[in-house]
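Engineer: What follows is model-v4.txt, made up of compact mmCIF, C-alpha atoms:
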```txt
# COMPACT_ATOMS: atom_id res chain seq x y z
CA MET A 1 -65.25 -92.07 80.39
CA ALA A 2 -63.09 -88.94 80.19
CA SER A 3 -59.36 -89.45 79.80
CA PHE A 4 -57.04 -89.39 82.81
CA PRO A 5 -56.17 -85.74 83.63
CA VAL A 6 -52.68 -84.62 82.62
CA ILE A 7 -51.59 -81.07 83.46
CA ASN A 8 -48.69 -79.12 81.98
CA LEU A 9 -47.67 -76.71 84.74
CA GLU A 10 -45.69 -74.53 82.30
CA LYS A 11 -48.99 -73.36 80.83
CA LEU A 12 -49.89 -71.64 84.10
CA GLU A 13 -47.61 -68.80 83.00
CA GLY A 14 -49.35 -68.11 79.69
CA GLY A 15 -52.72 -67.41 78.17
CA GLU A 16 -53.95 -70.92 78.97
CA ARG A 17 -53.86 -70.41 82.75
CA SER A 18 -57.63 -70.37 83.19
CA ARG A 19 -58.00 -73.61 81.23
CA VAL A 20 -55.25 -75.30 83.26
CA MET A 21 -56.96 -74.24 86.48
CA GLU A 22 -60.26 -75.67 85.21
CA VAL A 23 -58.62 -79.02 84.47
CA LEU A 24 -56.97 -78.99 87.90
CA HIS A 25 -60.29 -78.26 89.62
CA ASP A 26 -62.07 -81.03 87.72
CA ALA A 27 -59.25 -83.49 88.50
CA CYS A 28 -59.46 -82.72 92.23
CA ALA A 29 -63.26 -82.81 92.33
CA ASN A 30 -63.91 -85.83 90.12
CA TRP A 31 -60.75 -87.93 89.98
CA GLY A 32 -58.69 -87.33 93.13
CA PHE A 33 -55.66 -87.91 90.89
CA PHE A 34 -53.81 -86.08 88.13
CA GLU A 35 -50.46 -86.27 86.40
CA LEU A 36 -48.02 -83.35 86.10
CA LEU A 37 -45.65 -82.57 83.25
CA HIS A 38 -43.13 -79.67 83.21
CA HIS A 39 -43.39 -79.49 87.00
CA GLY A 40 -40.03 -77.81 87.56
CA ILE A 41 -38.01 -80.87 88.64
CA SER A 42 -35.22 -81.48 86.14
CA HIS A 43 -35.16 -84.61 84.02
CA GLU A 44 -31.53 -85.11 85.03
CA LEU A 45 -32.47 -85.26 88.71
CA LEU A 46 -35.37 -87.63 88.05
CA ASP A 47 -33.13 -89.93 86.00
CA LYS A 48 -30.55 -89.98 88.78
CA VAL A 49 -33.17 -90.76 91.44
CA GLU A 50 -34.48 -93.62 89.32
CA ARG A 51 -31.03 -95.07 88.65
CA LEU A 52 -29.93 -94.93 92.28
CA THR A 53 -33.25 -96.31 93.57
CA LYS A 54 -33.12 -99.29 91.23
CA ASP A 55 -29.45 -99.90 92.03
CA HIS A 56 -30.19 -99.80 95.76
CA TYR A 57 -33.00 -102.33 95.38
CA LYS A 58 -30.79 -104.75 93.46
CA LYS A 59 -27.86 -104.44 95.85
CA CYS A 60 -29.64 -104.26 99.20
CA MET A 61 -33.24 -105.45 99.00
CA GLU A 62 -33.80 -107.85 96.11
CA GLU A 63 -32.37 -110.92 97.83
CA ARG A 64 -34.42 -110.29 100.99
CA PHE A 65 -37.56 -110.01 98.90
CA ARG A 66 -36.76 -113.25 97.06
CA GLU A 67 -36.53 -115.03 100.42
CA PHE A 68 -39.90 -113.57 101.45
CA ALA A 69 -41.46 -114.52 98.09
CA SER A 70 -40.11 -118.07 98.21
CA LYS A 71 -41.45 -118.66 101.71
CA THR A 72 -44.80 -117.07 100.87
CA LEU A 73 -45.32 -119.19 97.77
CA GLN A 74 -44.13 -122.37 99.51
CA ASP A 75 -46.64 -121.89 102.34
CA GLY A 76 -49.41 -121.78 99.74
CA SER A 77 -52.80 -122.26 101.37
CA LYS A 78 -51.50 -121.01 104.73
CA VAL A 79 -50.98 -117.50 103.31
CA ASP A 80 -53.76 -114.96 103.82
CA VAL A 81 -53.58 -113.25 100.42
CA ASP A 82 -56.24 -110.74 101.48
CA ASN A 83 -53.74 -109.31 103.98
CA LEU A 84 -50.61 -109.47 101.84
CA ASP A 85 -48.88 -106.90 99.63
CA TRP A 86 -46.30 -107.92 97.03
CA GLU A 87 -43.90 -105.02 97.63
CA SER A 88 -40.45 -104.22 98.97
CA THR A 89 -40.30 -100.87 100.79
CA PHE A 90 -38.38 -98.53 103.04
CA TYR A 91 -39.34 -95.15 104.48
CA LEU A 92 -37.60 -91.79 104.68
CA ARG A 93 -38.67 -88.94 106.96
CA HIS A 94 -37.89 -85.33 105.99
CA LEU A 95 -40.06 -83.03 108.16
CA PRO A 96 -40.17 -81.97 110.90
CA THR A 97 -36.86 -83.85 111.31
CA SER A 98 -34.97 -86.10 108.93
CA ASN A 99 -33.97 -89.73 109.47
CA MET A 100 -31.93 -89.98 106.25
CA SER A 101 -28.66 -90.48 108.12
CA GLU A 102 -30.17 -93.38 110.10
CA ILE A 103 -31.26 -95.52 107.13
CA PRO A 104 -28.74 -98.33 106.63
CA ASP A 105 -27.23 -99.28 103.28
CA LEU A 106 -27.87 -95.94 101.54
CA SER A 107 -24.84 -94.61 99.68
CA ASP A 108 -23.79 -91.02 100.28
CA GLU A 109 -24.71 -90.22 96.68
CA TYR A 110 -28.19 -91.68 97.15
CA ARG A 111 -28.75 -89.75 100.40
CA GLU A 112 -27.73 -86.43 98.84
CA THR A 113 -29.77 -87.07 95.71
CA MET A 114 -32.90 -87.95 97.67
CA LYS A 115 -32.38 -84.89 99.86
CA GLU A 116 -32.33 -82.64 96.79
CA PHE A 117 -35.24 -84.47 95.16
CA THR A 118 -37.53 -84.31 98.18
CA LEU A 119 -36.74 -80.62 98.69
CA ARG A 120 -37.98 -79.99 95.14
CA LEU A 121 -41.08 -82.09 95.88
CA GLU A 122 -41.77 -80.10 99.04
CA GLU A 123 -41.70 -76.88 97.02
CA LEU A 124 -43.99 -78.43 94.40
CA ALA A 125 -46.44 -79.60 97.07
CA GLU A 126 -46.71 -76.11 98.53
CA GLN A 127 -47.20 -74.62 95.05
CA LEU A 128 -50.01 -77.08 94.39
CA LEU A 129 -51.69 -76.39 97.74
CA ASP A 130 -51.86 -72.71 96.82
CA LEU A 131 -53.34 -73.56 93.41
CA LEU A 132 -56.01 -75.61 95.20
CA CYS A 133 -56.69 -72.63 97.48
CA GLU A 134 -57.10 -70.39 94.45
CA ASN A 135 -59.61 -72.76 92.86
CA LEU A 136 -61.55 -73.08 96.12
CA GLY A 137 -61.65 -69.37 96.86
CA LEU A 138 -59.52 -69.76 99.98
CA GLU A 139 -56.82 -67.32 101.04
CA LYS A 140 -53.38 -68.14 99.64
CA GLY A 141 -51.51 -70.23 102.19
CA TYR A 142 -54.67 -71.49 103.92
CA LEU A 143 -54.01 -75.20 103.32
CA LYS A 144 -50.37 -74.97 104.36
CA LYS A 145 -51.42 -73.24 107.60
CA ALA A 146 -54.13 -75.86 108.15
CA PHE A 147 -51.40 -78.53 107.94
CA SER A 148 -48.89 -76.74 110.15
CA GLY A 149 -49.68 -77.61 113.77
CA SER A 150 -47.03 -76.41 116.23
CA LYS A 151 -44.02 -77.75 114.29
CA GLY A 152 -45.07 -77.39 110.67
CA PRO A 153 -46.22 -80.13 108.30
CA THR A 154 -44.88 -83.68 108.22
CA PHE A 155 -43.24 -84.90 105.04
CA GLY A 156 -41.93 -88.35 104.26
CA THR A 157 -41.27 -90.76 101.41
CA LYS A 158 -42.14 -94.41 100.86
CA VAL A 159 -39.69 -95.99 98.41
CA SER A 160 -41.20 -99.14 96.93
CA ASN A 161 -40.39 -101.78 94.37
CA TYR A 162 -42.99 -104.22 93.09
CA PRO A 163 -41.09 -107.27 91.76
CA PRO A 164 -42.55 -109.76 89.26
CA CYS A 165 -45.22 -111.96 90.84
CA PRO A 166 -45.80 -115.53 89.62
CA LYS A 167 -49.42 -115.45 90.85
CA PRO A 168 -50.72 -111.93 90.09
CA GLU A 169 -54.28 -113.24 89.92
CA LEU A 170 -54.11 -114.09 93.64
CA ILE A 171 -51.89 -111.41 95.19
CA LYS A 172 -52.12 -107.61 94.98
CA GLY A 173 -49.04 -105.44 94.74
CA LEU A 174 -50.80 -103.12 97.20
CA ARG A 175 -54.38 -103.51 98.41
CA ALA A 176 -57.03 -100.87 97.70
CA HIS A 177 -57.03 -97.89 100.08
CA THR A 178 -57.30 -94.13 100.28
CA ASP A 179 -54.32 -92.20 101.62
CA ALA A 180 -54.73 -90.78 105.11
CA GLY A 181 -52.78 -87.58 104.69
CA GLY A 182 -52.76 -84.47 102.55
CA LEU A 183 -51.03 -84.34 99.17
CA ILE A 184 -49.18 -87.31 97.71
CA LEU A 185 -46.53 -86.83 95.02
CA LEU A 186 -45.52 -89.98 93.14
CA PHE A 187 -42.56 -90.57 90.86
CA GLN A 188 -43.34 -93.93 89.28
CA ASP A 189 -41.79 -96.32 86.81
CA ASP A 190 -42.54 -95.26 83.25
CA LYS A 191 -42.27 -98.78 81.80
CA VAL A 192 -43.99 -101.13 84.26
CA SER A 193 -47.60 -100.22 85.04
CA GLY A 194 -49.87 -101.39 87.85
CA LEU A 195 -51.32 -98.34 89.65
CA GLN A 196 -55.11 -98.03 89.34
CA LEU A 197 -57.78 -95.77 90.83
CA LEU A 198 -61.50 -96.40 91.28
CA LYS A 199 -63.70 -94.02 89.27
CA ASP A 200 -67.44 -94.43 88.73
CA GLY A 201 -67.25 -98.04 89.89
CA GLU A 202 -64.46 -99.01 87.48
CA TRP A 203 -60.73 -99.48 87.99
CA VAL A 204 -58.79 -97.06 85.77
CA ASP A 205 -55.07 -97.28 84.97
CA VAL A 206 -52.85 -94.38 85.99
CA PRO A 207 -50.71 -94.13 82.84
CA PRO A 208 -46.94 -94.41 83.28
CA MET A 209 -45.42 -91.30 81.66
CA HIS A 210 -41.74 -90.45 81.39
CA HIS A 211 -40.58 -87.74 83.83
CA SER A 212 -44.07 -87.10 85.18
CA ILE A 213 -45.16 -86.65 88.81
CA VAL A 214 -48.52 -88.20 89.74
CA ILE A 215 -50.54 -86.36 92.39
CA ASN A 216 -53.35 -87.76 94.51
CA LEU A 217 -55.37 -86.25 97.32
CA GLY A 218 -55.54 -87.71 100.82
CA ASP A 219 -58.37 -87.86 103.34
CA GLN A 220 -57.32 -84.58 105.04
CA ILE A 221 -57.86 -82.59 101.84
CA GLU A 222 -61.36 -84.06 101.63
CA VAL A 223 -62.15 -82.96 105.20
CA ILE A 224 -60.70 -79.44 104.89
CA THR A 225 -62.47 -78.82 101.56
CA ASN A 226 -65.75 -80.16 103.02
CA GLY A 227 -65.90 -82.82 100.33
CA LYS A 228 -65.40 -80.42 97.41
CA TYR A 229 -62.26 -82.42 96.65
CA LYS A 230 -62.08 -86.11 97.52
CA SER A 231 -59.59 -88.85 98.21
CA VAL A 232 -60.22 -91.96 96.12
CA LEU A 233 -59.50 -95.67 96.41
CA HIS A 234 -56.43 -96.84 94.54
CA ARG A 235 -54.40 -100.05 94.35
CA VAL A 236 -51.34 -101.58 92.72
CA LEU A 237 -51.70 -104.74 90.65
CA ALA A 238 -48.90 -107.27 90.85
CA GLN A 239 -47.37 -107.91 87.45
CA PRO A 240 -45.90 -111.16 86.05
CA ASP A 241 -43.01 -109.33 84.37
CA GLY A 242 -40.81 -106.40 85.31
CA THR A 243 -40.11 -104.65 88.61
CA ARG A 244 -42.12 -101.45 89.11
CA MET A 245 -40.46 -98.57 90.95
CA SER A 246 -42.64 -96.27 93.05
CA ILE A 247 -41.42 -93.28 95.08
CA ALA A 248 -44.38 -91.74 96.92
CA SER A 249 -43.84 -88.61 99.03
CA PHE A 250 -46.51 -87.58 101.52
CA TYR A 251 -47.01 -83.91 102.42
CA ASN A 252 -49.17 -84.29 105.52
CA PRO A 253 -50.41 -82.23 108.45
CA GLY A 254 -48.29 -81.99 111.58
CA SER A 255 -49.15 -84.55 114.23
CA ASP A 256 -50.91 -81.98 116.43
CA ALA A 257 -52.62 -80.09 113.59
CA VAL A 258 -56.38 -79.85 114.14
CA ILE A 259 -58.22 -80.71 110.94
CA TYR A 260 -61.73 -79.51 110.14
CA PRO A 261 -63.68 -78.08 107.16
CA ALA A 262 -62.77 -74.54 106.11
CA ALA A 263 -65.57 -72.22 107.26
CA ALA A 264 -65.63 -70.54 103.83
CA LEU A 265 -66.61 -73.85 102.23
CA LEU A 266 -69.53 -74.63 104.57
CA GLU A 267 -73.09 -73.96 103.47
CA GLU A 268 -75.31 -72.31 106.09
CA ALA A 269 -77.20 -75.56 106.76
CA GLU A 270 -73.91 -77.44 107.20
CA LYS A 271 -72.77 -75.01 109.91
CA GLN A 272 -75.51 -76.45 112.10
CA SER A 273 -74.69 -80.08 111.34
CA GLU A 274 -71.41 -81.94 111.15
CA VAL A 275 -70.82 -83.43 107.71
CA TYR A 276 -67.08 -83.89 108.31
CA PRO A 277 -65.43 -84.21 111.74
CA LYS A 278 -62.91 -82.05 113.57
CA PHE A 279 -59.95 -83.99 114.95
CA MET A 280 -56.24 -84.00 115.64
CA PHE A 281 -54.28 -85.54 112.78
CA GLU A 282 -52.31 -87.82 115.12
CA ASP A 283 -55.59 -89.36 116.35
CA TYR A 284 -56.71 -89.99 112.78
CA MET A 285 -53.41 -91.71 111.96
CA LYS A 286 -53.76 -94.04 114.96
CA LEU A 287 -57.13 -95.15 113.62
CA TYR A 288 -55.84 -95.38 110.05
CA ALA A 289 -53.01 -97.65 111.16
CA VAL A 290 -55.54 -100.41 111.89
CA GLN A 291 -58.14 -99.48 109.26
CA LYS A 292 -56.03 -98.50 106.22
CA PHE A 293 -57.60 -101.06 103.92
CA GLN A 294 -61.16 -100.30 104.99
CA ALA A 295 -63.54 -97.58 103.77
CA LYS A 296 -62.78 -94.01 104.88
CA GLU A 297 -66.40 -93.13 105.80
CA PRO A 298 -66.45 -95.20 109.03
CA ARG A 299 -63.16 -93.55 110.00
CA PHE A 300 -64.79 -90.14 109.64
CA GLU A 301 -67.73 -91.29 111.77
CA THR A 302 -65.39 -92.58 114.47
CA MET A 303 -63.55 -89.26 114.54
CA LYS A 304 -66.86 -87.40 114.98
CA ALA A 305 -67.32 -89.27 118.24
CA MET A 306 -63.89 -88.14 119.48
CA LYS A 307 -64.77 -84.55 120.32
CA ILE A 308 -61.89 -82.13 120.84
CA ALA A 309 -61.84 -78.65 122.29
CA ASN A 310 -62.94 -75.71 120.17
CA VAL A 311 -60.12 -74.19 118.14
CA GLN A 312 -59.56 -70.76 116.71
CA PRO A 313 -60.11 -70.30 112.95
CA ILE A 314 -56.96 -70.51 110.87
CA ALA A 315 -55.39 -67.07 110.55
CA THR A 316 -54.98 -65.81 107.00
```
Using the file provided, produce a representation of the structure as C-alpha cells.
Structural biologist:
Amino acid sequence: MASFPVINLEKLEGGERSRVMEVLHDACANWGFFELLHHGISHELLDKVERLTKDHYKKCMEERFREFASKTLQDGSKVDVDNLDWESTFYLRHLPTSNMSEIPDLSDEYRETMKEFTLRLEELAEQLLDLLCENLGLEKGYLKKAFSGSKGPTFGTKVSNYPPCPKPELIKGLRAHTDAGGLILLFQDDKVSGLQLLKDGEWVDVPPMHHSIVINLGDQIEVITNGKYKSVLHRVLAQPDGTRMSIASFYNPGSDAVIYPAAALLEEAEKQSEVYPKFMFEDYMKLYAVQKFQAKEPRFETMKAMKIANVQPIAT
C-alpha cells in the first residue's frame, strides 16, 4: 500500500507545484485524508493552543471524565460498548456567529488564542478549497460559493481529549464514521496516536506529526465533486496509555446551502440520472444526527427522496 500522503504547502510556490497538486489530487481521490506541513500557521501558535488545551482539560474536564469512566466500568455488562465513545469534548462555534464568550471555564488567554487559531484555520480551509477547484477544473471560488447559503459557511471546532482506557479492546475512542460536512482540519497530538482511516478494506494509521494539520473530506465534498473526491470512514482507537489531544475544525456549508453535484463534473449520461442527490445541508445534518455511525450511502438515498425546488447554478 502507498504511504500516507503528506504535503508541504511551501512547495506550491516553487518549481514543484505541479507535483504537489498531483499528490493533493491523488490524496483527495484515493485517500480522503492528507497531512499538511508548512501550512502557514506558526509553530508558536500551535504550541500555545496545545498547552492551553491540555491545561484546560486537566483543570476543568479531567475529573468529570474520571467520574464517567468509573461509573461506566463499574456498570460492566450493562454498558452498550457499541454505542459508547471514550472521549471528553466541548464545542466552539465561529461562523456565522461565535459562541466563544458563552463557553464556561475558558480563560481569557485560551479564548483569544483559539480565536486567532481558528481564524488561521478558516483562511487555510478557503485556500485548500480553491486548490481543490483548480485540480477539478472548477472556477476559483466555486466550492466556497457552494457552501455559502444566505449567511456564508458554518465553521466550528470540536475540542477532544481521549484519556487512557483500561479496556481498549472493548471500547472505541470514537466509533467509525464519515464526516457530514465539507473540509475538516485537525490539529492532533503528536505523541499519542489512535486515528485511523479505512483504505482498501484495511485500517491505516494517520501518523502523528509535530506541527502538522491533518485534512479530511466530508460527505458534502463527495456530493459536489460527483464522487471524484470521497469522504472515508475513520475512527479513533482508545489507548491504554497517554491522553490524546484532538482539535478538529469543520468548515461546512451554511444551513440553508443547497448541495448538489457541480454541472461541470457530470458526464452526459449522469445528467439524465441522479447519482448524487440535491438537498439542503440542514436537512442532511438532521438525518446525520441519528445516522452518524451508519454508512453514508443510505443517507444519500434518503436525501434523493426529499426533493427540493430547482435552484439556479452557482454563479462564478
Engineer: Quick one: residues within 10 Å of Leu52 in chain A, all atoms listed in the file, excluding same-chain residues fewer than 6 positions away - as an mmCIF file with C-alpha atoms, in the frame of the given file?
Structural biologist:
```cif
data_model
loop_
_atom_site.group_PDB
_atom_site.id
_atom_site.type_symbol
_atom_site.label_atom_id
_atom_site.label_comp_id
_atom_site.auth_asym_id
_atom_site.auth_seq_id
_atom_site.Cartn_x
_atom_site.Cartn_y
_atom_site.Cartn_z
ATOM 1 C CA LYS A 58 -30.790 -104.750 93.460
ATOM 2 C CA LEU A 106 -27.870 -95.940 101.540
ATOM 3 C CA SER A 107 -24.840 -94.610 99.680
ATOM 4 C CA GLU A 109 -24.710 -90.220 96.680
ATOM 5 C CA TYR A 110 -28.190 -91.680 97.150
ATOM 6 C CA ARG A 111 -28.750 -89.750 100.400
ATOM 7 C CA THR A 113 -29.770 -87.070 95.710
ATOM 8 C CA MET A 114 -32.900 -87.950 97.670
#
```
Engineer: Pick the closest to Met306 in chain A from A:Tyr288, A:Tyr142, A:Phe279, A:Tyr251: which is it, counting all atoms listed in the file?
Structural biologist: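 Looking at the shortest contact to Met306 in chain A, the residue is A:Phe279.
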Engineer: Would you compute the distance between CA of Trp203 in chain A and CA of Cys165 in chain A? Give it in Å to one decimal.
Structural biologist: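 Pair CA of Trp203 in chain A / CA of Cys165 in chain A returns 20.1 Å.
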Engineer: Dig up all the protein and nucleic acid residues within 7 Å of (-39.4, -104.5, 93.1) in the file frame, using all atoms listed in the file, and format them as a list in words.
Structural biologist: Glu87, Ser88, Ser160, Asn161, Tyr162, Pro163, Thr243, Arg244 and Met245 of chain A
Engineer: Next, write the just-selected residues to a file, as a short mmCIF file (atom, residue, chain, number, x, y, z; two decimals), in the frame of the given file, keeping C-alpha atoms as the atom set.
Structural biologist:
```
data_model
loop_
_atom_site.label_atom_id
_atom_site.label_comp_id
_atom_site.auth_asym_id
_atom_site.auth_seq_id
_atom_site.Cartn_x
_atom_site.Cartn_y
_atom_site.Cartn_z
CA GLU A 87 -43.90 -105.02 97.63
CA SER A 88 -40.45 -104.22 98.97
CA SER A 160 -41.20 -99.14 96.93
CA ASN A 161 -40.39 -101.78 94.37
CA TYR A 162 -42.99 -104.22 93.09
CA PRO A 163 -41.09 -107.27 91.76
CA THR A 243 -40.11 -104.65 88.61
CA ARG A 244 -42.12 -101.45 89.11
CA MET A 245 -40.46 -98.57 90.95
#
```
Engineer: List as a list in words the protein and nucleic acid residues near Ser249 in chain A, meaning an atom at most 8 Å away when all atoms listed in the file are counted, but skip any in the same chain fewer than 4 places from it.
Structural biologist: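 Listing them by chain and then by number gives Thr118, Leu121, Phe155, Gly156, Thr157, Lys158, Ile184, Leu185 and Leu186 of chain A.
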Engineer: Counting only C-alpha atoms, what are the residues of range 70-120 of chain A within 8 Å of range 170-179 of chain A, and for each of them which pair of atoms is the nearest and at what distance in Å, to one decimal? Sort the table by chain and rising number, as CSV.
Structural biologist:
```
residue,atom,partner,partner_atom,distance
A:Val81,CA,A:Ile171,CA,5.8
A:Asp82,CA,A:Ile171,CA,7.7
A:Leu84,CA,A:Ile171,CA,7.0
A:Asp85,CA,A:Leu174,CA,4.9
A:Trp86,CA,A:Gly173,CA,4.3
A:Glu87,CA,A:Gly173,CA,5.9
```
Engineer: Once 6 Å is added on each side, what are the centre and the three edge lengths, in Å to one decimal, of the axis-aligned box enclosing the listed atoms of range 252-257 of chain A? Present them as lines of an AutoDock Vina configuration file.
Structural biologist:
```
center_x = -50.5
center_y = -82.3
center_z = 111.0
size_x = 16.3
size_y = 16.5
size_z = 22.9
```
Engineer: Would you list the contacts of Asp190 in chain A as a PyMOL selection string, taking every protein, DNA or RNA residue within 8 Å and counting all atoms listed in the file, but skipping same-chain residues closer than 5 positions in sequence?
Structural biologist: chain A and resi 208-211
Engineer: Quick one: of A:Pro240, A:Pro261, A:Pro104, A:Gly149, who's nearest to Pro168 in chain A, counting only C-alpha atoms?
Structural biologist: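 Among the listed residues, A:Pro240 lies closest to Pro168 in chain A.
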Engineer: Counting all atoms listed in the file, which residue out of A:Asp200, A:Asp189, A:Glu139, A:Asp241 sits closest to Ala262 in chain A?
Structural biologist: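 Counting all atoms listed in the file, the residue closest to Ala262 in chain A is A:Glu139.
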Engineer: Please provide the set of residues having any atom within 10 Å of Leu128 in chain A, restricted to all atoms listed in the file, with same-chain residues fewer than 3 positions apart removed, written as a ChimeraX atom specification.
Structural biologist: /A:9,24,122-125,131-134,143,183,215
Engineer: Residues of the last selection are to be written out with C-alpha atoms, as a PDB file, in the frame of the given file.
Structural biologist:
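Wrote it out as out.pdb, contents follow:
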```pdb
ATOM      1  CA  LEU A   9     -47.670 -76.710  84.740  1.00  0.00           C
ATOM      2  CA  LEU A  24     -56.970 -78.990  87.900  1.00  0.00           C
ATOM      3  CA  GLU A 122     -41.770 -80.100  99.040  1.00  0.00           C
ATOM      4  CA  GLU A 123     -41.700 -76.880  97.020  1.00  0.00           C
ATOM      5  CA  LEU A 124     -43.990 -78.430  94.400  1.00  0.00           C
ATOM      6  CA  ALA A 125     -46.440 -79.600  97.070  1.00  0.00           C
ATOM      7  CA  LEU A 131     -53.340 -73.560  93.410  1.00  0.00           C
ATOM      8  CA  LEU A 132     -56.010 -75.610  95.200  1.00  0.00           C
ATOM      9  CA  CYS A 133     -56.690 -72.630  97.480  1.00  0.00           C
ATOM     10  CA  GLU A 134     -57.100 -70.390  94.450  1.00  0.00           C
ATOM     11  CA  LEU A 143     -54.010 -75.200 103.320  1.00  0.00           C
ATOM     12  CA  LEU A 183     -51.030 -84.340  99.170  1.00  0.00           C
ATOM     13  CA  ILE A 215     -50.540 -86.360  92.390  1.00  0.00           C
TER      14      ILE A 215
END
```
Engineer: So that I can see what lies close to Lys228 in chain A, please list as a PyMOL selection string the residues with an atom at most 10 Å from it, counting only C-alpha atoms and leaving out residues fewer than 2 positions away in the same chain.
Structural biologist: chain A and resi 25+28-30+136+221-226+230+265
Engineer: To one decimal place, how far is CA of Leu119 in chain A from CA of Gly32 in chain A in Å?
Structural biologist: 23.6 Å
Engineer: Which residue, A:Ser18, A:Gln220, A:Ser212, A:Ser42, has the smallest gap to Glu116 in chain A when you use all atoms listed in the file?
Structural biologist: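 For Glu116 in chain A, the nearest of the candidates is A:Ser42.
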Engineer: Can you tell me, as an mmCIF file with C-alpha atoms, in the coordinates of the input, which residues sit within 7 Å of (-49.1, -88.0, 90.2) in the file's frame, using all atoms listed in the file?
Structural biologist:
```
data_model
loop_
_atom_site.group_PDB
_atom_site.id
_atom_site.type_symbol
_atom_site.label_atom_id
_atom_site.label_comp_id
_atom_site.auth_asym_id
_atom_site.auth_seq_id
_atom_site.Cartn_x
_atom_site.Cartn_y
_atom_site.Cartn_z
ATOM 1 C CA PHE A 33 -55.660 -87.910 90.890
ATOM 2 C CA PHE A 34 -53.810 -86.080 88.130
ATOM 3 C CA GLU A 35 -50.460 -86.270 86.400
ATOM 4 C CA LEU A 36 -48.020 -83.350 86.100
ATOM 5 C CA LEU A 185 -46.530 -86.830 95.020
ATOM 6 C CA LEU A 186 -45.520 -89.980 93.140
ATOM 7 C CA ILE A 213 -45.160 -86.650 88.810
ATOM 8 C CA VAL A 214 -48.520 -88.200 89.740
ATOM 9 C CA ILE A 215 -50.540 -86.360 92.390
ATOM 10 C CA ASN A 216 -53.350 -87.760 94.510
#
```
Engineer: By how many Å are CA of Ala238 in chain A and CA of Phe90 in chain A apart?
Structural biologist: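 Between these atoms lies a distance of 18.3 Å.
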Engineer: Could you check the closest approach to Ser3 in chain A for each of A:Met100, A:Met21, A:Ala180, A:Val206 and tell me which residue wins, using only C-alpha atoms?
Structural biologist: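 Counting only C-alpha atoms, the residue closest to Ser3 in chain A is A:Val206.
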Engineer: Here is a test: counting all atoms listed in the file, which residue of A:Pro207, A:Thr154, A:Thr53, A:Lys307 is nearest to Ser98 in chain A?
Structural biologist: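 Comparing A:Pro207, A:Thr154, A:Thr53, A:Lys307 against Ser98 in chain A, the winner is A:Thr154.
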